[in-house]
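Printed here is query.pdb (PDB, C-alpha atoms):
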```pdb
ATOM      1  CA  MET A   1      32.676  21.476  -7.404
ATOM      2  CA  ILE A   2      30.024  23.819  -5.998
ATOM      3  CA  ASP A   3      29.734  24.878  -2.391
ATOM      4  CA  ALA A   4      26.868  23.234  -0.486
ATOM      5  CA  PRO A   5      25.243  24.874   2.532
ATOM      6  CA  GLU A   6      26.687  24.014   5.911
ATOM      7  CA  PRO A   7      24.957  21.144   7.738
ATOM      8  CA  GLY A   8      21.715  22.371   9.250
ATOM      9  CA  ALA A   9      21.547  25.412   6.952
ATOM     10  CA  PRO A  10      17.988  26.374   5.861
ATOM     11  CA  GLY A  11      18.814  25.689   2.197
ATOM     12  CA  LEU A  12      19.550  22.024   2.828
ATOM     13  CA  SER A  13      16.409  21.488   4.892
ATOM     14  CA  ASN A  14      14.146  23.370   2.487
ATOM     15  CA  ASP A  15      15.530  21.482  -0.506
ATOM     16  CA  PHE A  16      14.784  18.192   1.193
ATOM     17  CA  GLU A  17      11.290  19.127   2.368
ATOM     18  CA  SER A  18      10.282  20.071  -1.172
ATOM     19  CA  HIS A  19      10.962  16.442  -2.174
ATOM     20  CA  ARG A  20       9.730  14.633   0.963
ATOM     21  CA  ALA A  21       6.285  13.698  -0.410
ATOM     22  CA  HIS A  22       7.829  12.327  -3.624
ATOM     23  CA  LEU A  23      10.394  10.328  -1.652
ATOM     24  CA  THR A  24       7.727   8.950   0.689
ATOM     25  CA  ARG A  25       5.640   7.717  -2.259
ATOM     26  CA  LEU A  26       8.746   6.033  -3.662
ATOM     27  CA  ALA A  27       9.623   4.419  -0.328
ATOM     28  CA  TYR A  28       6.044   3.211   0.238
ATOM     29  CA  ARG A  29       5.998   1.453  -3.117
ATOM     30  CA  MET A  30       9.364  -0.096  -2.311
ATOM     31  CA  LEU A  31       8.462  -1.267   1.196
ATOM     32  CA  GLY A  32       4.676  -1.639   1.380
ATOM     33  CA  SER A  33       4.752  -0.009   4.819
ATOM     34  CA  ILE A  34       3.968   3.612   5.612
ATOM     35  CA  ALA A  35       5.893   3.532   8.880
ATOM     36  CA  GLU A  36       8.974   1.973   7.247
ATOM     37  CA  ALA A  37       8.726   4.384   4.325
ATOM     38  CA  GLU A  38       8.689   7.382   6.663
ATOM     39  CA  ASP A  39      11.668   5.952   8.563
ATOM     40  CA  ALA A  40      13.627   5.417   5.332
ATOM     41  CA  VAL A  41      12.906   8.970   4.187
ATOM     42  CA  GLN A  42      13.954  10.343   7.574
ATOM     43  CA  ASP A  43      17.207   8.363   7.340
ATOM     44  CA  GLY A  44      17.668   9.949   3.918
ATOM     45  CA  TYR A  45      17.135  13.373   5.457
ATOM     46  CA  LEU A  46      19.797  12.706   8.084
ATOM     47  CA  ARG A  47      22.272  11.787   5.358
ATOM     48  CA  TRP A  48      21.336  14.859   3.336
ATOM     49  CA  HIS A  49      21.510  17.022   6.453
ATOM     50  CA  GLY A  50      25.014  15.731   7.198
ATOM     51  CA  LEU A  51      26.497  16.775   3.861
ATOM     52  CA  GLU A  52      29.332  19.278   4.081
ATOM     53  CA  ARG A  53      30.080  19.843   0.405
ATOM     54  CA  ALA A  54      28.450  18.246  -2.633
ATOM     55  CA  ASP A  55      28.266  18.689  -6.372
ATOM     56  CA  ILE A  56      24.586  17.954  -6.783
ATOM     57  CA  ASP A  57      22.973  19.283  -9.935
ATOM     58  CA  ASN A  58      19.715  17.408  -9.423
ATOM     59  CA  PRO A  59      18.739  17.106  -5.729
ATOM     60  CA  ARG A  60      15.620  15.009  -6.448
ATOM     61  CA  ALA A  61      17.556  12.407  -8.440
ATOM     62  CA  PHE A  62      20.274  12.319  -5.779
ATOM     63  CA  LEU A  63      17.741  11.890  -2.967
ATOM     64  CA  CYS A  64      15.882   9.185  -4.912
ATOM     65  CA  ARG A  65      19.165   7.271  -5.156
ATOM     66  CA  VAL A  66      19.769   7.629  -1.422
ATOM     67  CA  VAL A  67      16.247   6.582  -0.401
ATOM     68  CA  THR A  68      16.123   3.705  -2.907
ATOM     69  CA  ARG A  69      19.351   2.259  -1.518
ATOM     70  CA  LEU A  70      18.064   2.619   2.036
ATOM     71  CA  CYS A  71      14.870   0.810   1.015
ATOM     72  CA  LEU A  72      16.847  -1.981  -0.650
ATOM     73  CA  ASP A  73      18.743  -2.510   2.599
ATOM     74  CA  ARG A  74      15.462  -2.675   4.522
ATOM     75  CA  LEU A  75      13.895  -5.069   2.001
ATOM     76  CA  ARG A  76      16.804  -7.471   2.245
ATOM     77  CA  GLN A  77      16.672  -7.383   6.033
ATOM     78  CA  SER A  78      12.909  -7.954   6.135
ATOM     79  CA  ARG A  79      12.675 -10.867   3.672
ATOM     80  CA  THR A  80      13.053 -13.506   6.380
ATOM     81  CA  GLN A  81      10.503 -11.786   8.612
ATOM     82  CA  ARG A  82       7.929 -11.695   5.820
ATOM     83  CA  GLU A  83       8.558 -15.354   4.943
ATOM     84  CA  ARG A  84       7.577 -16.187   8.545
ATOM     85  CA  TYR A  85       4.494 -13.952   8.495
ATOM     86  CA  VAL A  86       1.355 -15.575   9.904
ATOM     87  CA  GLY A  87      -1.356 -15.857   7.245
ATOM     88  CA  VAL A  88      -1.858 -13.587   4.241
ATOM     89  CA  TRP A  89       0.442 -10.562   3.955
ATOM     90  CA  LEU A  90      -1.071  -7.273   2.754
ATOM     91  CA  PRO A  91       0.607  -3.862   2.557
ATOM     92  CA  GLU A  92      -0.202  -1.208   5.123
ATOM     93  CA  PRO A  93      -3.261   0.621   3.787
ATOM     94  CA  LEU A  94      -2.641   4.045   2.293
ATOM     95  CA  VAL A  95      -5.865   5.939   3.034
ATOM     96  CA  GLU A  96      -7.196   8.996   1.193
ATOM     97  CA  GLU A  97     -10.510  10.838   1.120
ATOM     98  CA  TRP A  98     -13.213   9.153  -0.988
ATOM     99  CA  SER A  99     -15.835  11.592  -2.231
ATOM    100  CA  VAL A 100     -17.366  12.992  -5.381
ATOM    101  CA  ASN A 101     -15.015  15.982  -5.374
ATOM    102  CA  ALA A 102     -11.841  14.346  -4.050
ATOM    103  CA  GLN A 103      -9.742  12.935  -6.870
ATOM    104  CA  PRO A 104      -6.884  10.451  -6.446
ATOM    105  CA  ALA A 105      -3.330  11.652  -6.791
ATOM    106  CA  ALA A 106      -1.742  11.155 -10.204
ATOM    107  CA  LEU A 107      -1.160   7.461 -10.956
ATOM    108  CA  THR A 108      -2.806   6.369  -7.694
ATOM    109  CA  GLU A 109      -5.298   3.923  -9.203
ATOM    110  CA  GLN A 110      -2.803   2.665 -11.749
ATOM    111  CA  GLU A 111       0.257   2.325  -9.558
ATOM    112  CA  VAL A 112      -0.644   1.906  -5.881
ATOM    113  CA  SER A 113      -3.444  -0.659  -5.916
ATOM    114  CA  THR A 114      -3.289  -3.305  -3.224
ATOM    115  CA  ALA A 115      -3.107  -6.029  -5.873
ATOM    116  CA  LEU A 116      -0.115  -4.322  -7.458
ATOM    117  CA  MET A 117       1.608  -3.907  -4.097
ATOM    118  CA  MET A 118       1.114  -7.621  -3.475
ATOM    119  CA  ALA A 119       2.582  -8.419  -6.883
ATOM    120  CA  LEU A 120       5.598  -6.221  -6.103
ATOM    121  CA  GLU A 121       6.095  -8.196  -2.889
ATOM    122  CA  ARG A 122       6.813 -11.306  -4.961
ATOM    123  CA  LEU A 123       9.693  -9.653  -6.807
ATOM    124  CA  SER A 124      13.327  -9.630  -5.798
ATOM    125  CA  PRO A 125      14.442  -6.319  -4.227
ATOM    126  CA  LEU A 126      16.362  -5.318  -7.380
ATOM    127  CA  GLU A 127      13.459  -6.218  -9.700
ATOM    128  CA  ARG A 128      11.120  -4.211  -7.512
ATOM    129  CA  ALA A 129      13.419  -1.200  -7.498
ATOM    130  CA  ALA A 130      14.054  -1.263 -11.263
ATOM    131  CA  PHE A 131      10.341  -1.521 -12.041
ATOM    132  CA  ILE A 132       9.281   1.203  -9.610
ATOM    133  CA  LEU A 133      11.990   3.643 -10.623
ATOM    134  CA  HIS A 134      11.474   3.220 -14.372
ATOM    135  CA  ASP A 135       7.821   2.234 -14.882
ATOM    136  CA  VAL A 136       6.243   4.155 -12.007
ATOM    137  CA  PHE A 137       8.552   7.149 -11.550
ATOM    138  CA  ASP A 138       9.689   7.395 -15.184
ATOM    139  CA  MET A 139      13.396   7.382 -14.360
ATOM    140  CA  ALA A 140      15.677   6.832 -17.344
ATOM    141  CA  PHE A 141      17.545   3.538 -17.369
ATOM    142  CA  ASP A 142      20.957   5.175 -17.168
ATOM    143  CA  GLU A 143      19.867   6.813 -13.900
ATOM    144  CA  VAL A 144      18.326   3.532 -12.674
ATOM    145  CA  ALA A 145      21.669   1.866 -13.367
ATOM    146  CA  THR A 146      23.501   4.520 -11.340
ATOM    147  CA  THR A 147      21.033   4.141  -8.476
ATOM    148  CA  LEU A 148      21.235   0.342  -8.334
ATOM    149  CA  GLY A 149      24.920   0.001  -9.147
ATOM    150  CA  ARG A 150      24.156  -2.257 -12.134
ATOM    151  CA  THR A 151      24.647  -1.940 -15.868
ATOM    152  CA  GLU A 152      21.913  -0.309 -17.928
ATOM    153  CA  ALA A 153      21.307  -3.592 -19.775
ATOM    154  CA  SER A 154      20.923  -5.435 -16.476
ATOM    155  CA  CYS A 155      18.402  -2.863 -15.233
ATOM    156  CA  ARG A 156      16.379  -3.212 -18.433
ATOM    157  CA  GLN A 157      16.210  -6.967 -17.852
ATOM    158  CA  LEU A 158      15.234  -6.515 -14.196
ATOM    159  CA  ALA A 159      12.429  -4.114 -15.101
ATOM    160  CA  SER A 160      11.223  -6.338 -17.945
ATOM    161  CA  ARG A 161      10.994  -9.418 -15.716
ATOM    162  CA  ALA A 162       9.165  -7.413 -13.074
ATOM    163  CA  ARG A 163       6.788  -5.891 -15.623
ATOM    164  CA  ASN A 164       5.786  -9.305 -16.938
ATOM    165  CA  ARG A 165       4.931 -10.410 -13.400
ATOM    166  CA  VAL A 166       2.920  -7.392 -12.285
ATOM    167  CA  VAL A 167       1.123  -6.211 -15.422
ATOM    168  CA  ALA A 168      -1.851  -8.495 -14.713
ATOM    169  CA  ALA A 169      -2.274  -6.936 -11.257
ATOM    170  CA  LYS A 170      -2.988  -3.423 -12.539
ATOM    171  CA  PRO A 171      -6.656  -2.405 -12.351
ATOM    172  CA  ARG A 172      -8.225  -2.495 -15.807
ATOM    173  CA  PHE A 173     -11.183  -0.276 -14.988
ATOM    174  CA  THR A 174     -11.530   3.197 -13.497
ATOM    175  CA  VAL A 175     -14.135   3.228 -10.731
ATOM    176  CA  ASP A 176     -16.269   6.318 -10.181
ATOM    177  CA  HIS A 177     -17.484   7.419  -6.784
ATOM    178  CA  GLN A 178     -21.114   6.361  -7.191
ATOM    179  CA  GLU A 179     -20.310   2.835  -8.358
ATOM    180  CA  GLY A 180     -17.693   2.391  -5.642
ATOM    181  CA  THR A 181     -20.107   3.590  -2.953
ATOM    182  CA  ARG A 182     -22.978   1.442  -4.232
ATOM    183  CA  LEU A 183     -20.991  -1.786  -4.342
ATOM    184  CA  THR A 184     -19.234  -1.129  -1.043
ATOM    185  CA  GLU A 185     -22.498  -0.451   0.786
ATOM    186  CA  ALA A 186     -24.275  -3.385  -0.863
ATOM    187  CA  PHE A 187     -21.464  -5.724   0.096
ATOM    188  CA  PHE A 188     -21.546  -4.770   3.764
ATOM    189  CA  VAL A 189     -25.345  -5.028   3.963
ATOM    190  CA  ALA A 190     -25.194  -8.557   2.542
ATOM    191  CA  ALA A 191     -22.146  -9.522   4.623
ATOM    192  CA  ARG A 192     -23.603  -8.302   7.933
ATOM    193  CA  SER A 193     -26.824 -10.247   7.321
ATOM    194  CA  GLY A 194     -25.042 -13.386   6.127
ATOM    195  CA  ASP A 195     -26.872 -13.234   2.789
ATOM    196  CA  ALA A 196     -24.689 -15.627   0.774
ATOM    197  CA  THR A 197     -26.853 -15.320  -2.348
ATOM    198  CA  GLY A 198     -26.781 -11.523  -2.201
ATOM    199  CA  LEU A 199     -23.008 -11.557  -1.760
ATOM    200  CA  GLN A 200     -22.490 -13.882  -4.705
ATOM    201  CA  SER A 201     -24.531 -11.554  -6.918
ATOM    202  CA  LEU A 202     -22.052  -8.744  -6.155
ATOM    203  CA  LEU A 203     -18.920 -10.824  -6.714
ATOM    204  CA  ALA A 204     -17.188 -11.870  -9.902
ATOM    205  CA  ALA A 205     -17.137 -15.663 -10.250
ATOM    206  CA  THR A 206     -13.347 -15.649  -9.755
ATOM    207  CA  ALA A 207     -13.371 -13.162  -6.862
ATOM    208  CA  THR A 208     -10.779 -13.476  -4.108
ATOM    209  CA  PHE A 209     -10.839 -12.564  -0.414
ATOM    210  CA  HIS A 210      -7.569 -11.657   1.349
ATOM    211  CA  SER A 211      -7.468 -10.920   5.091
ATOM    212  CA  ASP A 212      -4.364  -9.958   7.060
ATOM    213  CA  GLY A 213      -4.423 -10.433  10.819
ATOM    214  CA  GLY A 214      -0.692 -11.040  11.159
ATOM    215  CA  GLY A 215      -1.332 -13.509  13.950
ATOM    216  CA  ARG A 216      -2.605 -10.596  16.074
ATOM    217  CA  ARG A 217      -6.285 -10.662  15.073
ATOM    218  CA  ARG A 218      -8.593 -13.352  13.703
ATOM    219  CA  ALA A 219      -8.376 -13.629   9.926
ATOM    220  CA  ALA A 220      -8.517 -16.268   7.208
ATOM    221  CA  LEU A 221      -5.039 -17.780   7.020
ATOM    222  CA  ARG A 222      -5.321 -18.403   3.272
ATOM    223  CA  THR A 223      -6.828 -16.532   0.370
ATOM    224  CA  ILE A 224     -10.452 -17.570  -0.238
ATOM    225  CA  ARG A 225     -11.158 -17.995  -3.951
ATOM    226  CA  GLY A 226     -14.502 -17.995  -5.752
ATOM    227  CA  ALA A 227     -17.776 -16.152  -5.197
ATOM    228  CA  ASP A 228     -19.498 -19.216  -3.751
ATOM    229  CA  LYS A 229     -16.784 -19.860  -1.138
ATOM    230  CA  ILE A 230     -16.668 -16.179  -0.115
ATOM    231  CA  GLY A 231     -20.450 -16.154   0.247
ATOM    232  CA  ARG A 232     -20.376 -19.287   2.423
ATOM    233  CA  PHE A 233     -17.541 -17.806   4.491
ATOM    234  CA  TYR A 234     -19.575 -14.709   5.394
ATOM    235  CA  ALA A 235     -22.707 -16.776   5.970
ATOM    236  CA  GLY A 236     -20.726 -18.842   8.467
ATOM    237  CA  LEU A 237     -19.519 -15.716  10.250
ATOM    238  CA  ALA A 238     -23.097 -14.468  10.510
ATOM    239  CA  ARG A 239     -24.262 -17.757  12.039
ATOM    240  CA  LYS A 240     -21.518 -17.411  14.689
ATOM    241  CA  GLY A 241     -22.612 -13.856  15.489
ATOM    242  CA  ALA A 242     -19.378 -12.359  14.120
ATOM    243  CA  THR A 243     -20.992  -9.837  11.759
ATOM    244  CA  VAL A 244     -22.585  -7.455  14.283
ATOM    245  CA  GLU A 245     -22.880  -3.838  13.174
ATOM    246  CA  PRO A 246     -19.599  -1.954  13.716
ATOM    247  CA  LEU A 247     -19.170   0.859  16.224
ATOM    248  CA  TRP A 248     -18.024   3.291  13.523
ATOM    249  CA  THR A 249     -17.347   3.351   9.769
ATOM    250  CA  ARG A 250     -16.014   5.802   7.212
ATOM    251  CA  GLN A 251     -15.914   5.553   3.411
ATOM    252  CA  VAL A 252     -12.372   6.113   2.128
ATOM    253  CA  ARG A 253     -10.028   5.330  -0.740
ATOM    254  CA  ILE A 254      -7.532   2.614   0.229
ATOM    255  CA  ASP A 255      -4.492   2.208  -2.015
ATOM    256  CA  GLY A 256      -6.527   3.757  -4.812
ATOM    257  CA  LEU A 257      -9.527   1.468  -4.260
ATOM    258  CA  PRO A 258     -12.944   2.225  -2.740
ATOM    259  CA  GLY A 259     -13.187   0.926   0.798
ATOM    260  CA  LEU A 260     -14.080   1.399   4.406
ATOM    261  CA  ILE A 261     -12.320   2.003   7.714
ATOM    262  CA  SER A 262     -14.310   0.462  10.541
ATOM    263  CA  VAL A 263     -14.104  -0.158  14.246
ATOM    264  CA  GLU A 264     -15.870  -3.462  14.785
ATOM    265  CA  HIS A 265     -18.199  -4.196  17.690
ATOM    266  CA  ASP A 266     -15.347  -5.808  19.639
ATOM    267  CA  GLY A 267     -13.042  -2.795  19.209
ATOM    268  CA  THR A 268     -11.025  -4.208  16.287
ATOM    269  CA  LEU A 269      -9.852  -1.575  13.827
ATOM    270  CA  GLN A 270      -9.845  -2.776  10.231
ATOM    271  CA  THR A 271      -9.773  -1.574   6.647
ATOM    272  CA  THR A 272     -11.570  -3.239   3.753
ATOM    273  CA  ALA A 273     -10.753  -2.348   0.142
ATOM    274  CA  PHE A 274     -12.488  -3.538  -3.027
ATOM    275  CA  GLN A 275     -11.060  -4.061  -6.477
ATOM    276  CA  LEU A 276     -13.959  -3.612  -8.901
ATOM    277  CA  GLU A 277     -14.227  -4.702 -12.511
ATOM    278  CA  ALA A 278     -17.223  -4.339 -14.819
ATOM    279  CA  GLY A 279     -19.677  -3.689 -11.994
ATOM    280  CA  ARG A 280     -18.579  -6.651  -9.864
ATOM    281  CA  ILE A 281     -16.197  -7.094  -6.935
ATOM    282  CA  GLN A 282     -13.073  -8.851  -8.177
ATOM    283  CA  ALA A 283     -11.063  -8.821  -4.949
ATOM    284  CA  ILE A 284     -11.512  -7.911  -1.278
ATOM    285  CA  PHE A 285      -8.527  -6.852   0.836
ATOM    286  CA  MET A 286      -9.068  -6.703   4.600
ATOM    287  CA  VAL A 287      -6.341  -5.579   7.025
ATOM    288  CA  ARG A 288      -6.868  -6.327  10.734
ATOM    289  CA  ASN A 289      -3.264  -6.478  11.985
ATOM    290  CA  PRO A 290      -3.078  -3.571  14.485
ATOM    291  CA  ASP A 291       0.631  -3.102  13.748
ATOM    292  CA  LYS A 292      -0.333  -2.007  10.224
ATOM    293  CA  LEU A 293      -3.128   0.335  11.285
ATOM    294  CA  ARG A 294      -1.573   2.551  13.947
ATOM    295  CA  HIS A 295      -1.236   5.440  11.490
ATOM    296  CA  LEU A 296      -5.030   5.452  11.046
ATOM    297  CA  LEU A 297      -5.909   6.072  14.702
ATOM    298  CA  ALA A 298      -5.659   9.819  14.095
ATOM    299  CA  LEU A 299      -8.583   9.559  11.623
ATOM    300  CA  LEU A 300     -10.966   8.243  14.272
ATOM    301  CA  PRO A 301     -13.199  10.414  16.445
ATOM    302  CA  GLU A 302     -11.745  10.599  19.951
ATOM    303  CA  SER A 303     -14.704   8.767  21.476
ATOM    304  CA  VAL A 304     -14.249   5.878  19.003
ATOM    305  CA  ALA A 305     -10.457   5.770  19.261
ATOM    306  CA  ARG A 306     -10.764   5.088  23.002
ATOM    307  CA  GLN A 307     -12.646   1.863  22.232
ATOM    308  CA  VAL A 308     -10.052   0.417  19.854
ATOM    309  CA  ILE A 309      -8.195  -2.585  21.273
ATOM    310  CA  HIS A 310      -4.408  -2.468  20.839
TER     311      HIS A 310
END
```
Can the structure in the file be given as structure tokens, please?
Amino acid sequence: MIDAPEPGAPGLSNDFESHRAHLTRLAYRMLGSIAEAEDAVQDGYLRWHGLERADIDNPRAFLCRVVTRLCLDRLRQSRTQRERYVGVWLPEPLVEEWSVNAQPAALTEQEVSTALMMALERLSPLERAAFILHDVFDMAFDEVATTLGRTEASCRQLASRARNRVVAAKPRFTVDHQEGTRLTEAFFVAARSGDATGLQSLLAATATFHSDGGGRRRAALRTIRGADKIGRFYAGLARKGATVEPLWTRQVRIDGLPGLISVEHDGTLQTTAFQLEAGRIQAIFMVRNPDKLRHLLALLPESVARQVIH
């Protein structure tokens, strides 16, 4: 047994802070919510901070176990709430800079796409944890078993079942900045004008449109499937005067995908992300639920932020 620093000692705090970003990425993948992920990591810090003595050879592995278990508890508690969710559920958007020089963090495009996060949502909490820990964070199965309190063989089965369900959701193409910008801008020009034909030319035939208003903002209550239906949907919005130019926009990367943050003409804050394949838009993910966008208010200019409806 080795002596651990006293609670509140600088060593304990510094050790934790060096792993906070890693733990937050883990918790976000587990929960699909930035706010919940930050809360889970903070709860992990409080437990770490309260240690008096510990024999911890690998602080990161220990903290991953703590945060994973906290996330599992939160997932189990939130299942009923998500089953009652109004309309389409999308994860809180994780926003990063989108530019020629800014590159995504390692594994971002492969492992944090919105489509993948939605696929993870359909897994059981244990399947989700086993897959994320092993396939995303490269944790050995013996350590996964220790974390989840299951046998190694059971964890292999959990991860295998999860992998079979989510492999189709991983983006198959890497999107460069110029292509992402071109398609994003072209889409919004066509959408704002209600040009159904122009929209359909940008969309894959099997494209899907997902919008999350959470019952708080207007959104399609079901996924819209097919380029023709998406084109007609936006043409209908234009006829109703619902596609007026926004007050403010900014090109960003959303969950690894090219997209846009915008404040619409009525003060609605929203994010729109695009999954692109072979030069066409395969999926559109729009988040309008203000409860999922509070963390983005700090990105807005002060004059624009004042116009956002809450």
Hey, what's within 9 Å of Leu94 (chain A) if we count all atoms listed in the file and toss same-chain stuff fewer than 6 positions away? As an NGL selection string, please?
:A and (28 or 33-34 or 112 or 253-256)
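Among the candidates A:Arg128, A:His295, A:Arg239, A:Arg156, the residue lying nearest to Gly194 (chain A) is A:Arg239 (atoms considered: only C-alpha atoms).
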So, counting all atoms listed in the file, which residue among A:Glu83, A:Glu152, A:Asp176, A:Asp138 is closest to Glu121 (chain A)?
A:Glu83
What does the distance between CA of Trp89 (chain A) and CA of Thr197 (chain A) come to in Å, to one decimal place?
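Straight-line distance from CA of Trp89 (chain A) to CA of Thr197 (chain A) works out to 28.4 Å.
CA of Phe187 (chain A) is found 6.3 Å from CA of Leu199 (chain A).
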Between CA of Ile230 (chain A) and CA of Arg192 (chain A), what distance in Å does the model show, to one decimal?
13.2 Å
Evaluate the PyMOL selection byres ((chain A and resi 219) around 9) against this structure - the residues, as a PDB file with C-alpha atoms, in the frame of the given file, please.
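Here's the written file part.pdb:
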```pdb
ATOM      1  CA  GLY A  87      -1.356 -15.857   7.245  1.00  0.00           C
ATOM      2  CA  VAL A  88      -1.858 -13.587   4.241  1.00  0.00           C
ATOM      3  CA  HIS A 210      -7.569 -11.657   1.349  1.00  0.00           C
ATOM      4  CA  SER A 211      -7.468 -10.920   5.091  1.00  0.00           C
ATOM      5  CA  ASP A 212      -4.364  -9.958   7.060  1.00  0.00           C
ATOM      6  CA  GLY A 213      -4.423 -10.433  10.819  1.00  0.00           C
ATOM      7  CA  GLY A 214      -0.692 -11.040  11.159  1.00  0.00           C
ATOM      8  CA  GLY A 215      -1.332 -13.509  13.950  1.00  0.00           C
ATOM      9  CA  ARG A 216      -2.605 -10.596  16.074  1.00  0.00           C
ATOM     10  CA  ARG A 217      -6.285 -10.662  15.073  1.00  0.00           C
ATOM     11  CA  ARG A 218      -8.593 -13.352  13.703  1.00  0.00           C
ATOM     12  CA  ALA A 220      -8.517 -16.268   7.208  1.00  0.00           C
ATOM     13  CA  LEU A 221      -5.039 -17.780   7.020  1.00  0.00           C
ATOM     14  CA  ARG A 222      -5.321 -18.403   3.272  1.00  0.00           C
ATOM     15  CA  MET A 286      -9.068  -6.703   4.600  1.00  0.00           C
ATOM     16  CA  VAL A 287      -6.341  -5.579   7.025  1.00  0.00           C
ATOM     17  CA  ARG A 288      -6.868  -6.327  10.734  1.00  0.00           C
TER      18      ARG A 288
END
```
Assuming the chain letters and numbering stay as they are in my file, what does the PyMOL selection byres ((chain A and resi 129-136) around 7) actually select? List them as number ranges by chain.
A: 30, 111, 125-128, 137-141, 144, 155, 158-159, 162-163
12 Å contact set for Leu70 (chain A), only C-alpha atoms, chain neighbours under 5 positions out, as a list of chain:residue names:
A:Leu23, A:Leu26, A:Ala27, A:Met30, A:Leu31, A:Glu36, A:Ala37, A:Glu38, A:Asp39, A:Ala40, A:Val41, A:Gln42, A:Asp43, A:Gly44, A:Tyr45, A:Leu46, A:Arg47, A:Leu63, A:Cys64, A:Arg65, A:Leu75, A:Arg76, A:Gln77, A:Pro125, A:Ala129, A:Thr147, A:Leu148
Contacts of Gly236 (chain A) at 12 Å (only C-alpha atoms; same-chain gap of 3+ positions) as a list in words:
Ala191, Arg192, Ser193, Gly194, Asp195, Ala196, Lys229, Ile230, Gly231, Arg232, Phe233, Arg239, Lys240, Gly241, Ala242 and Thr243 of chain A
Which residues match the PyMOL selection byres ((chain A and resi 201-209) around 6) in the file above, as a PyMOL selection string?
chain A and resi 198-200+210+223-227+280-284
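Nearest residue to Ala119 (chain A), choosing from A:Leu296, A:Gln270, A:Arg29, A:Ala305 and counting only C-alpha atoms: A:Arg29.
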Would you list the contacts of Gly259 (chain A) as a ChimeraX atom specification, taking every protein, DNA or RNA residue within 9 Å and counting all atoms listed in the file, but skipping same-chain residues closer than 5 positions in sequence?
/A:98,180-181,184,250-254,271-274
Nearest residue to Leu183 (chain A) from the set A:Gly149, A:Gly279, A:Gly267, A:Pro246 (distances using only C-alpha atoms):
A:Gly279
Hey, which of A:Asp228, A:Glu179, A:Pro258, A:Leu90 ends up closest to Gln275 (chain A)? Count all atoms listed in the file.
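Comparing A:Asp228, A:Glu179, A:Pro258, A:Leu90 against Gln275 (chain A), the winner is A:Pro258.
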Check the smallest atom-to-atom distance from each of A:Ser78, A:Asn289, A:Thr146, A:Gln307 to Val66 (chain A) using only C-alpha atoms, then report the winner.
A:Thr146
